Amino acid sequence: MLIKACLNGSRAQEEHPALPITPEQCADAAEEAIAAGAGALHIHPRRSDGAQTLDAEAQADTILAIRQRYPDIAIGVSTAHWIESDPAKRLAHVQRWTTLPDFASVNFDEPDAAAMSEALLSRGVGVEAGLSSADDVAALVASGVASRALRVLIEPGDEGDPEGVAYATIHALDAAEITAPRLLHGTGSATWPILRLALAKGYDTRIGFEDTLRMPSGELAVSNAQLVAEAVALSHKAGRWG
């Protein structure tokens, strides 16, 4: 199974002393996470002031810093609206990228998801279709992207009944006969329960500071690598590793 390390996300530097922001910090965190068992990476490149950005130079700097150490590791980025709220500008950024990630996540609760997916696919970038609820499955079907997606991300969040949302989304995917590989992950307080559900279902999953800063015990994690190592240990116990 795949355990993807999500190294930083939207978090601010003040949230954790080991949160990777600069390209070099991201490369260091990636190296440690890969050594702990991560098979792919998800990163949010930042500007010099630490803000998230889709800017081509910032994307290239961070991706290349990691690839200089691990040229074969699969690297993904986000295209979320909270990084750039203007759909036209977001598409323009993607079209200006000079160093391409291996894949990018597209949130299908955003109105321009189909256009963003087509822009990525036209450049040879794999699409991870992000589904926050069962309702997003209909948008994925309507987009025509489902059969070309690298994988679908089942992302129930941490409010209400995350496990119920996850099961409803899984049912909707089954009903729509969407066969793309599935990655299931939670955030916040739902991170570890949803990760265990992913292991039980035999799905890929992800872990890292983007999703949680804490170990299953509630203790603050030292690093992304510690979170990955714990996920690997749980996958061994579940018989899903190797």
# chains A, B, ... in the order shown; residues from 1 in each chain; ligands from 1

$ residues_around --residues "stretch 202-207 of chain A" --least-positions-apart "6" --cutoff "7 Å" --atoms "only C-alpha atoms" --output "PyMOL selection string"
chain A and resi 1-6+182-185+195+227-228+240

$ write_last_selection --atoms "N, CA, C and O atoms" --output "PDB file, in the first residue's frame"
ATOM      1  N   MET A   1       0.839  -1.192   0.000  1.00  0.00           N
ATOM      2  CA  MET A   1       0.000   0.000   0.000  1.00  0.00           C
ATOM      3  C   MET A   1       0.870   1.237   0.000  1.00  0.00           C
ATOM      4  O   MET A   1       2.046   1.189   0.396  1.00  0.00           O
ATOM      5  N   LEU A   2       0.314   2.324  -0.446  1.00  0.00           N
ATOM      6  CA  LEU A   2       1.033   3.592  -0.481  1.00  0.00           C
ATOM      7  C   LEU A   2       0.727   4.414   0.768  1.00  0.00           C
ATOM      8  O   LEU A   2      -0.435   4.600   1.126  1.00  0.00           O
ATOM      9  N   ILE A   3       1.787   4.880   1.422  1.00  0.00           N
ATOM     10  CA  ILE A   3       1.643   5.887   2.471  1.00  0.00           C
ATOM     11  C   ILE A   3       2.312   7.151   1.953  1.00  0.00           C
ATOM     12  O   ILE A   3       3.523   7.184   1.727  1.00  0.00           O
ATOM     13  N   LYS A   4       1.498   8.147   1.710  1.00  0.00           N
ATOM     14  CA  LYS A   4       1.989   9.424   1.199  1.00  0.00           C
ATOM     15  C   LYS A   4       2.212  10.381   2.362  1.00  0.00           C
ATOM     16  O   LYS A   4       1.379  10.479   3.265  1.00  0.00           O
ATOM     17  N   ALA A   5       3.325  11.083   2.352  1.00  0.00           N
ATOM     18  CA  ALA A   5       3.627  12.059   3.401  1.00  0.00           C
ATOM     19  C   ALA A   5       3.195  13.442   2.954  1.00  0.00           C
ATOM     20  O   ALA A   5       3.632  13.927   1.902  1.00  0.00           O
ATOM     21  N   CYS A   6       2.304  14.070   3.733  1.00  0.00           N
ATOM     22  CA  CYS A   6       1.856  15.441   3.445  1.00  0.00           C
ATOM     23  C   CYS A   6       2.603  16.362   4.415  1.00  0.00           C
ATOM     24  O   CYS A   6       2.270  16.461   5.585  1.00  0.00           O
ATOM     25  N   ARG A 182      -7.864   4.313  -4.748  1.00  0.00           N
ATOM     26  CA  ARG A 182      -8.435   5.162  -3.702  1.00  0.00           C
ATOM     27  C   ARG A 182      -7.432   5.395  -2.576  1.00  0.00           C
ATOM     28  O   ARG A 182      -6.783   4.469  -2.096  1.00  0.00           O
ATOM     29  N   LEU A 183      -7.356   6.650  -2.172  1.00  0.00           N
ATOM     30  CA  LEU A 183      -6.564   7.028  -1.010  1.00  0.00           C
ATOM     31  C   LEU A 183      -7.510   7.682  -0.015  1.00  0.00           C
ATOM     32  O   LEU A 183      -8.201   8.639  -0.353  1.00  0.00           O
ATOM     33  N   LEU A 184      -7.546   7.146   1.196  1.00  0.00           N
ATOM     34  CA  LEU A 184      -8.441   7.631   2.246  1.00  0.00           C
ATOM     35  C   LEU A 184      -7.614   8.215   3.376  1.00  0.00           C
ATOM     36  O   LEU A 184      -6.701   7.570   3.872  1.00  0.00           O
ATOM     37  N   HIS A 185      -7.946   9.454   3.768  1.00  0.00           N
ATOM     38  CA  HIS A 185      -7.225  10.055   4.888  1.00  0.00           C
ATOM     39  C   HIS A 185      -8.133  11.017   5.631  1.00  0.00           C
ATOM     40  O   HIS A 185      -9.097  11.559   5.085  1.00  0.00           O
ATOM     41  N   LEU A 195      -7.295   6.831   9.220  1.00  0.00           N
ATOM     42  CA  LEU A 195      -6.155   6.062   8.710  1.00  0.00           C
ATOM     43  C   LEU A 195      -6.356   4.578   9.000  1.00  0.00           C
ATOM     44  O   LEU A 195      -6.091   3.728   8.144  1.00  0.00           O
ATOM     45  N   LEU A 227       5.445  10.614  12.314  1.00  0.00           N
ATOM     46  CA  LEU A 227       4.072  10.284  11.924  1.00  0.00           C
ATOM     47  C   LEU A 227       4.055   9.172  10.875  1.00  0.00           C
ATOM     48  O   LEU A 227       3.246   8.236  10.959  1.00  0.00           O
ATOM     49  N   VAL A 228       4.933   9.269   9.887  1.00  0.00           N
ATOM     50  CA  VAL A 228       5.008   8.239   8.850  1.00  0.00           C
ATOM     51  C   VAL A 228       5.386   6.891   9.458  1.00  0.00           C
ATOM     52  O   VAL A 228       4.788   5.856   9.132  1.00  0.00           O
ATOM     53  N   ARG A 240      -0.959  -4.922   6.059  1.00  0.00           N
ATOM     54  CA  ARG A 240      -1.094  -4.218   4.783  1.00  0.00           C
ATOM     55  C   ARG A 240       0.232  -3.773   4.192  1.00  0.00           C
ATOM     56  O   ARG A 240       0.261  -3.183   3.114  1.00  0.00           O
TER      57      ARG A 240
END

$ select_by_dssp --residues "stretch 170-219 of chain A" --states "strand (DSSP E or B)" --output "ChimeraX atom specification"
/A:182-184,204-207,214

$ residues_around --residues "A:Pro111" --least-positions-apart "5" --cutoff "10 Å" --atoms "only C-alpha atoms" --output "ChimeraX atom specification"
/A:81,87,116,139

$ residues_around --residues "A:Val137" --least-positions-apart "2" --cutoff "9 Å" --atoms "only C-alpha atoms" --output "ChimeraX atom specification"
/A:108,131,133-135,139-142,169,172-173,176

$ write_last_selection --atoms "C-alpha atoms" --output "PDB file, in the first residue's frame"
ATOM      1  CA  PHE A 108     -14.101  18.540  -6.728  1.00  0.00           C
ATOM      2  CA  LEU A 131     -13.686  14.249  -2.671  1.00  0.00           C
ATOM      3  CA  SER A 133     -18.221  14.104   0.526  1.00  0.00           C
ATOM      4  CA  ALA A 134     -20.398  11.794  -1.536  1.00  0.00           C
ATOM      5  CA  ASP A 135     -21.821  14.856  -3.317  1.00  0.00           C
ATOM      6  CA  ALA A 139     -19.107  16.378  -9.995  1.00  0.00           C
ATOM      7  CA  LEU A 140     -16.284  13.952 -10.752  1.00  0.00           C
ATOM      8  CA  VAL A 141     -18.528  11.886 -13.014  1.00  0.00           C
ATOM      9  CA  ALA A 142     -19.818  14.989 -14.813  1.00  0.00           C
ATOM     10  CA  THR A 169     -18.327   8.540  -0.442  1.00  0.00           C
ATOM     11  CA  ALA A 172     -21.092   6.646  -4.194  1.00  0.00           C
ATOM     12  CA  LEU A 173     -17.825   5.709  -5.923  1.00  0.00           C
ATOM     13  CA  ALA A 176     -20.704   5.186 -10.126  1.00  0.00           C
TER      14      ALA A 176
END

$ closest_residue --among "A:Gly239, A:Pro193, A:Gly50, A:Pro181" --to "A:Ala12" --atoms "only C-alpha atoms"
A:Gly50

$ closest_atom_pairs --of "stretch 63-128 of chain A" --to "stretch 27-46 of chain A" --cutoff "9 Å" --atoms "only C-alpha atoms" --output "JSON lines"
{"residue": "A:Ile63", "atom": "CA", "partner": "A:Pro45", "partner_atom": "CA", "distance": 8.2}
{"residue": "A:Leu64", "atom": "CA", "partner": "A:Ala27", "partner_atom": "CA", "distance": 8.9}
{"residue": "A:Ala65", "atom": "CA", "partner": "A:Ala27", "partner_atom": "CA", "distance": 5.7}
{"residue": "A:Ile66", "atom": "CA", "partner": "A:Ala27", "partner_atom": "CA", "distance": 4.6}
{"residue": "A:Arg67", "atom": "CA", "partner": "A:Ala27", "partner_atom": "CA", "distance": 8.3}
{"residue": "A:Gln68", "atom": "CA", "partner": "A:Ala27", "partner_atom": "CA", "distance": 8.7}
{"residue": "A:Arg69", "atom": "CA", "partner": "A:Glu31", "partner_atom": "CA", "distance": 7.6}
{"residue": "A:Tyr70", "atom": "CA", "partner": "A:Glu31", "partner_atom": "CA", "distance": 7.8}
{"residue": "A:Ile73", "atom": "CA", "partner": "A:Ala40", "partner_atom": "CA", "distance": 6.0}
{"residue": "A:Ala74", "atom": "CA", "partner": "A:Ala40", "partner_atom": "CA", "distance": 4.9}
{"residue": "A:Ile75", "atom": "CA", "partner": "A:Leu41", "partner_atom": "CA", "distance": 4.9}
{"residue": "A:Gly76", "atom": "CA", "partner": "A:His42", "partner_atom": "CA", "distance": 4.6}
{"residue": "A:Val77", "atom": "CA", "partner": "A:Ile43", "partner_atom": "CA", "distance": 5.2}
{"residue": "A:Ser78", "atom": "CA", "partner": "A:His44", "partner_atom": "CA", "distance": 6.4}
{"residue": "A:Phe103", "atom": "CA", "partner": "A:His42", "partner_atom": "CA", "distance": 8.9}
{"residue": "A:Ala104", "atom": "CA", "partner": "A:His42", "partner_atom": "CA", "distance": 8.4}
{"residue": "A:Ser105", "atom": "CA", "partner": "A:His42", "partner_atom": "CA", "distance": 8.9}

$ write_last_selection --atoms "all heavy atoms" --output "compact mmCIF listing (two decimals), in the first residue's frame"
# COMPACT_ATOMS: atom_id res chain seq x y z
N ILE A 63 10.25 21.59 -5.60
CA ILE A 63 10.27 20.28 -6.26
C ILE A 63 11.71 19.87 -6.59
O ILE A 63 12.11 18.72 -6.34
CB ILE A 63 9.40 20.30 -7.53
CG1 ILE A 63 7.92 20.44 -7.15
CG2 ILE A 63 9.61 19.03 -8.36
CD1 ILE A 63 7.01 20.71 -8.32
N LEU A 64 12.49 20.79 -7.13
CA LEU A 64 13.87 20.45 -7.50
C LEU A 64 14.75 20.17 -6.29
O LEU A 64 15.64 19.32 -6.35
CB LEU A 64 14.47 21.58 -8.35
CG LEU A 64 13.87 21.72 -9.76
CD1 LEU A 64 14.43 22.96 -10.46
CD2 LEU A 64 14.15 20.47 -10.59
N ALA A 65 14.50 20.88 -5.19
CA ALA A 65 15.27 20.62 -3.98
C ALA A 65 15.09 19.18 -3.51
O ALA A 65 16.04 18.53 -3.05
CB ALA A 65 14.86 21.59 -2.87
N ILE A 66 13.86 18.67 -3.64
CA ILE A 66 13.60 17.28 -3.26
C ILE A 66 14.16 16.32 -4.30
O ILE A 66 14.79 15.31 -3.96
CB ILE A 66 12.09 17.07 -3.09
CG1 ILE A 66 11.56 17.92 -1.92
CG2 ILE A 66 11.78 15.58 -2.83
CD1 ILE A 66 10.04 17.96 -1.81
N ARG A 67 13.96 16.62 -5.57
CA ARG A 67 14.41 15.70 -6.63
C ARG A 67 15.93 15.60 -6.71
O ARG A 67 16.45 14.58 -7.19
CB ARG A 67 13.83 16.15 -7.97
CG ARG A 67 12.35 15.79 -8.11
CD ARG A 67 11.81 16.15 -9.47
NE ARG A 67 10.41 15.73 -9.58
CZ ARG A 67 9.55 16.25 -10.43
NH1 ARG A 67 9.95 17.22 -11.26
NH2 ARG A 67 8.30 15.83 -10.47
N GLN A 68 16.63 16.60 -6.26
CA GLN A 68 18.09 16.49 -6.24
C GLN A 68 18.55 15.36 -5.32
O GLN A 68 19.61 14.78 -5.53
CB GLN A 68 18.70 17.82 -5.81
CG GLN A 68 18.67 18.89 -6.89
CD GLN A 68 19.15 20.24 -6.40
OE1 GLN A 68 19.47 20.42 -5.23
NE2 GLN A 68 19.20 21.22 -7.30
N ARG A 69 17.75 15.07 -4.31
CA ARG A 69 18.10 13.99 -3.38
C ARG A 69 17.41 12.68 -3.76
O ARG A 69 17.99 11.61 -3.61
CB ARG A 69 17.70 14.39 -1.96
CG ARG A 69 18.32 15.68 -1.49
CD ARG A 69 18.08 15.88 0.00
NE ARG A 69 18.30 17.26 0.40
CZ ARG A 69 18.29 17.68 1.65
NH1 ARG A 69 18.08 16.82 2.63
NH2 ARG A 69 18.47 18.95 1.95
N TYR A 70 16.17 12.79 -4.19
CA TYR A 70 15.38 11.61 -4.55
C TYR A 70 14.72 11.83 -5.90
O TYR A 70 13.55 12.20 -5.99
CB TYR A 70 14.31 11.33 -3.48
CG TYR A 70 14.87 10.76 -2.21
CD1 TYR A 70 15.21 11.58 -1.15
CD2 TYR A 70 15.07 9.37 -2.06
CE1 TYR A 70 15.72 11.05 0.03
CE2 TYR A 70 15.59 8.85 -0.90
CZ TYR A 70 15.91 9.69 0.14
OH TYR A 70 16.42 9.16 1.29
N ILE A 73 11.24 9.86 -6.50
CA ILE A 73 10.07 9.92 -5.63
C ILE A 73 8.95 10.71 -6.30
O ILE A 73 9.20 11.75 -6.94
CB ILE A 73 10.42 10.54 -4.25
CG1 ILE A 73 9.29 10.31 -3.23
CG2 ILE A 73 10.74 12.02 -4.37
CD1 ILE A 73 9.16 8.89 -2.77
N ALA A 74 7.74 10.24 -6.19
CA ALA A 74 6.60 10.95 -6.77
C ALA A 74 6.21 12.12 -5.88
O ALA A 74 6.00 11.94 -4.68
CB ALA A 74 5.42 10.00 -6.94
N ILE A 75 6.11 13.30 -6.48
CA ILE A 75 5.83 14.53 -5.74
C ILE A 75 4.53 15.14 -6.25
O ILE A 75 4.35 15.34 -7.45
CB ILE A 75 6.97 15.55 -5.90
CG1 ILE A 75 8.29 14.96 -5.40
CG2 ILE A 75 6.65 16.84 -5.15
CD1 ILE A 75 9.49 15.84 -5.71
N GLY A 76 3.64 15.45 -5.32
CA GLY A 76 2.38 16.10 -5.68
C GLY A 76 2.23 17.44 -4.99
O GLY A 76 2.83 17.69 -3.94
N VAL A 77 1.42 18.29 -5.57
CA VAL A 77 1.14 19.62 -5.01
C VAL A 77 -0.37 19.82 -4.97
O VAL A 77 -1.14 19.01 -5.47
CB VAL A 77 1.81 20.73 -5.85
CG1 VAL A 77 3.32 20.56 -5.90
CG2 VAL A 77 1.23 20.77 -7.27
N SER A 78 -0.77 20.93 -4.37
CA SER A 78 -2.18 21.28 -4.27
C SER A 78 -2.53 22.36 -5.28
O SER A 78 -1.68 23.17 -5.66
CB SER A 78 -2.50 21.78 -2.86
OG SER A 78 -3.83 22.22 -2.77
N PHE A 103 2.05 14.77 -9.84
CA PHE A 103 0.60 14.81 -9.74
C PHE A 103 0.18 16.05 -8.95
O PHE A 103 1.01 16.70 -8.30
CB PHE A 103 0.04 13.54 -9.08
CG PHE A 103 0.62 13.23 -7.72
CD1 PHE A 103 0.06 13.75 -6.57
CD2 PHE A 103 1.73 12.40 -7.60
CE1 PHE A 103 0.59 13.46 -5.31
CE2 PHE A 103 2.27 12.10 -6.35
CZ PHE A 103 1.69 12.65 -5.21
N ALA A 104 -1.09 16.38 -9.03
CA ALA A 104 -1.63 17.51 -8.28
C ALA A 104 -3.04 17.16 -7.84
O ALA A 104 -3.78 16.48 -8.57
CB ALA A 104 -1.65 18.78 -9.14
N SER A 105 -3.41 17.61 -6.65
CA SER A 105 -4.76 17.35 -6.16
C SER A 105 -5.70 18.46 -6.63
O SER A 105 -5.34 19.63 -6.67
CB SER A 105 -4.76 17.26 -4.64
OG SER A 105 -4.28 18.44 -4.05

$ select_by_dssp --residues "stretch 15-132 of chain A" --states "alpha helix (DSSP H)" --output "PyMOL selection string"
chain A and resi 23-36+56-67+87-96+113-122

$ closest_residue --among "A:Gln226, A:Ser10, A:Gln59, A:Ser143" --to "A:Thr98" --atoms "only C-alpha atoms"
A:Gln59

$ closest_residue --among "A:Ala115, A:Leu121, A:Ala190, A:Cys26" --to "A:Pro156" --atoms "only C-alpha atoms"
A:Ala190

$ residues_around --residues "A:Trp82" --least-positions-apart "5" --cutoff "12 Å" --atoms "only C-alpha atoms" --output "list of chain:residue names"
A:Gly9, A:Ser10, A:His44, A:Ala51, A:Gln52, A:Thr53, A:Leu54, A:Pro87, A:Arg90, A:Asn107, A:Glu110

$ atom_distance --atom1 "atom CA of A:Ala198" --atom2 "atom CA of A:Val106"
20.4 Å

$ closest_residue --among "A:Asn224, A:Asn8, A:Thr79, A:Ser217" --to "A:Ser189" --atoms "only C-alpha atoms"
A:Ser217

$ closest_residue --among "A:Ala80, A:Ala180, A:Val232, A:Ala221" --to "A:Ile154" --atoms "only C-alpha atoms"
A:Ala180

$ closest_residue --among "A:Glu128, A:Glu177, A:Glu159, A:Asp112" --to "A:Ala88" --atoms "only C-alpha atoms"
A:Asp112

$ decode --residues "stretch 160-173 of chain A" --atoms "all heavy atoms" --output "mmCIF file, in the first residue's frame"
data_model
loop_
_atom_site.group_PDB
_atom_site.id
_atom_site.type_symbol
_atom_site.label_atom_id
_atom_site.label_comp_id
_atom_site.auth_asym_id
_atom_site.auth_seq_id
_atom_site.Cartn_x
_atom_site.Cartn_y
_atom_site.Cartn_z
ATOM 1 N N GLY A 160 -18.438 16.594 12.341
ATOM 2 C CA GLY A 160 -19.602 15.715 12.228
ATOM 3 C C GLY A 160 -19.216 14.261 12.387
ATOM 4 O O GLY A 160 -18.632 13.853 13.396
ATOM 5 N N ASP A 161 -19.498 13.476 11.365
ATOM 6 C CA ASP A 161 -19.256 12.033 11.363
ATOM 7 C C ASP A 161 -18.310 11.672 10.222
ATOM 8 O O ASP A 161 -18.758 11.219 9.162
ATOM 9 C CB ASP A 161 -20.596 11.295 11.223
ATOM 10 C CG ASP A 161 -20.442 9.788 11.163
ATOM 11 O OD1 ASP A 161 -19.356 9.276 11.512
ATOM 12 O OD2 ASP A 161 -21.413 9.119 10.756
ATOM 13 N N PRO A 162 -16.998 11.869 10.408
ATOM 14 C CA PRO A 162 -16.061 11.609 9.304
ATOM 15 C C PRO A 162 -16.138 10.185 8.763
ATOM 16 O O PRO A 162 -16.062 9.981 7.548
ATOM 17 C CB PRO A 162 -14.694 11.888 9.943
ATOM 18 C CG PRO A 162 -14.978 12.824 11.063
ATOM 19 C CD PRO A 162 -16.306 12.402 11.601
ATOM 20 N N GLU A 163 -16.295 9.207 9.649
ATOM 21 C CA GLU A 163 -16.355 7.824 9.176
ATOM 22 C C GLU A 163 -17.613 7.604 8.335
ATOM 23 O O GLU A 163 -17.565 6.928 7.299
ATOM 24 C CB GLU A 163 -16.325 6.856 10.356
ATOM 25 C CG GLU A 163 -16.183 5.402 9.935
ATOM 26 C CD GLU A 163 -15.853 4.487 11.092
ATOM 27 O OE1 GLU A 163 -14.994 4.858 11.916
ATOM 28 O OE2 GLU A 163 -16.460 3.398 11.157
ATOM 29 N N GLY A 164 -18.727 8.195 8.755
ATOM 30 C CA GLY A 164 -19.949 8.087 7.980
ATOM 31 C C GLY A 164 -19.813 8.740 6.617
ATOM 32 O O GLY A 164 -20.288 8.203 5.602
ATOM 33 N N VAL A 165 -19.156 9.897 6.572
ATOM 34 C CA VAL A 165 -18.908 10.583 5.302
ATOM 35 C C VAL A 165 -18.029 9.721 4.401
ATOM 36 O O VAL A 165 -18.257 9.615 3.190
ATOM 37 C CB VAL A 165 -18.268 11.962 5.537
ATOM 38 C CG1 VAL A 165 -17.830 12.600 4.214
ATOM 39 C CG2 VAL A 165 -19.243 12.888 6.263
ATOM 40 N N ALA A 166 -16.999 9.117 4.998
ATOM 41 C CA ALA A 166 -16.108 8.252 4.226
ATOM 42 C C ALA A 166 -16.877 7.092 3.601
ATOM 43 O O ALA A 166 -16.742 6.806 2.404
ATOM 44 C CB ALA A 166 -14.986 7.735 5.112
ATOM 45 N N TYR A 167 -17.714 6.421 4.404
ATOM 46 C CA TYR A 167 -18.473 5.283 3.885
ATOM 47 C C TYR A 167 -19.462 5.718 2.800
ATOM 48 O O TYR A 167 -19.651 5.021 1.797
ATOM 49 C CB TYR A 167 -19.207 4.575 5.013
ATOM 50 C CG TYR A 167 -18.366 3.530 5.718
ATOM 51 C CD1 TYR A 167 -17.981 3.695 7.043
ATOM 52 C CD2 TYR A 167 -17.960 2.373 5.048
ATOM 53 C CE1 TYR A 167 -17.214 2.735 7.699
ATOM 54 C CE2 TYR A 167 -17.191 1.409 5.683
ATOM 55 C CZ TYR A 167 -16.817 1.598 7.002
ATOM 56 O OH TYR A 167 -16.056 0.648 7.633
ATOM 57 N N ALA A 168 -20.086 6.883 2.982
ATOM 58 C CA ALA A 168 -21.020 7.373 1.974
ATOM 59 C C ALA A 168 -20.304 7.676 0.663
ATOM 60 O O ALA A 168 -20.828 7.402 -0.430
ATOM 61 C CB ALA A 168 -21.742 8.621 2.488
ATOM 62 N N THR A 169 -19.109 8.237 0.763
ATOM 63 C CA THR A 169 -18.327 8.540 -0.442
ATOM 64 C C THR A 169 -17.892 7.262 -1.139
ATOM 65 O O THR A 169 -17.950 7.156 -2.374
ATOM 66 C CB THR A 169 -17.110 9.403 -0.075
ATOM 67 O OG1 THR A 169 -17.545 10.559 0.644
ATOM 68 C CG2 THR A 169 -16.366 9.843 -1.329
ATOM 69 N N ILE A 170 -17.456 6.288 -0.351
ATOM 70 C CA ILE A 170 -17.065 4.997 -0.915
ATOM 71 C C ILE A 170 -18.253 4.359 -1.637
ATOM 72 O O ILE A 170 -18.121 3.843 -2.760
ATOM 73 C CB ILE A 170 -16.532 4.069 0.195
ATOM 74 C CG1 ILE A 170 -15.180 4.590 0.707
ATOM 75 C CG2 ILE A 170 -16.397 2.630 -0.315
ATOM 76 C CD1 ILE A 170 -14.739 3.956 2.012
ATOM 77 N N HIS A 171 -19.434 4.399 -1.019
ATOM 78 C CA HIS A 171 -20.634 3.838 -1.646
ATOM 79 C C HIS A 171 -20.946 4.553 -2.960
ATOM 80 O O HIS A 171 -21.294 3.902 -3.963
ATOM 81 C CB HIS A 171 -21.823 3.950 -0.692
ATOM 82 C CG HIS A 171 -23.116 3.475 -1.277
ATOM 83 N ND1 HIS A 171 -23.411 2.134 -1.464
ATOM 84 C CD2 HIS A 171 -24.197 4.163 -1.757
ATOM 85 C CE1 HIS A 171 -24.598 2.020 -2.017
ATOM 86 N NE2 HIS A 171 -25.099 3.231 -2.207
ATOM 87 N N ALA A 172 -20.811 5.882 -2.970
ATOM 88 C CA ALA A 172 -21.092 6.646 -4.194
ATOM 89 C C ALA A 172 -20.098 6.305 -5.297
ATOM 90 O O ALA A 172 -20.467 6.218 -6.476
ATOM 91 C CB ALA A 172 -21.071 8.143 -3.890
ATOM 92 N N LEU A 173 -18.836 6.109 -4.930
ATOM 93 C CA LEU A 173 -17.825 5.709 -5.923
ATOM 94 C C LEU A 173 -18.152 4.332 -6.494
ATOM 95 O O LEU A 173 -18.042 4.110 -7.709
ATOM 96 C CB LEU A 173 -16.438 5.699 -5.278
ATOM 97 C CG LEU A 173 -15.808 7.055 -4.994
ATOM 98 C CD1 LEU A 173 -14.601 6.902 -4.074
ATOM 99 C CD2 LEU A 173 -15.384 7.740 -6.298
#
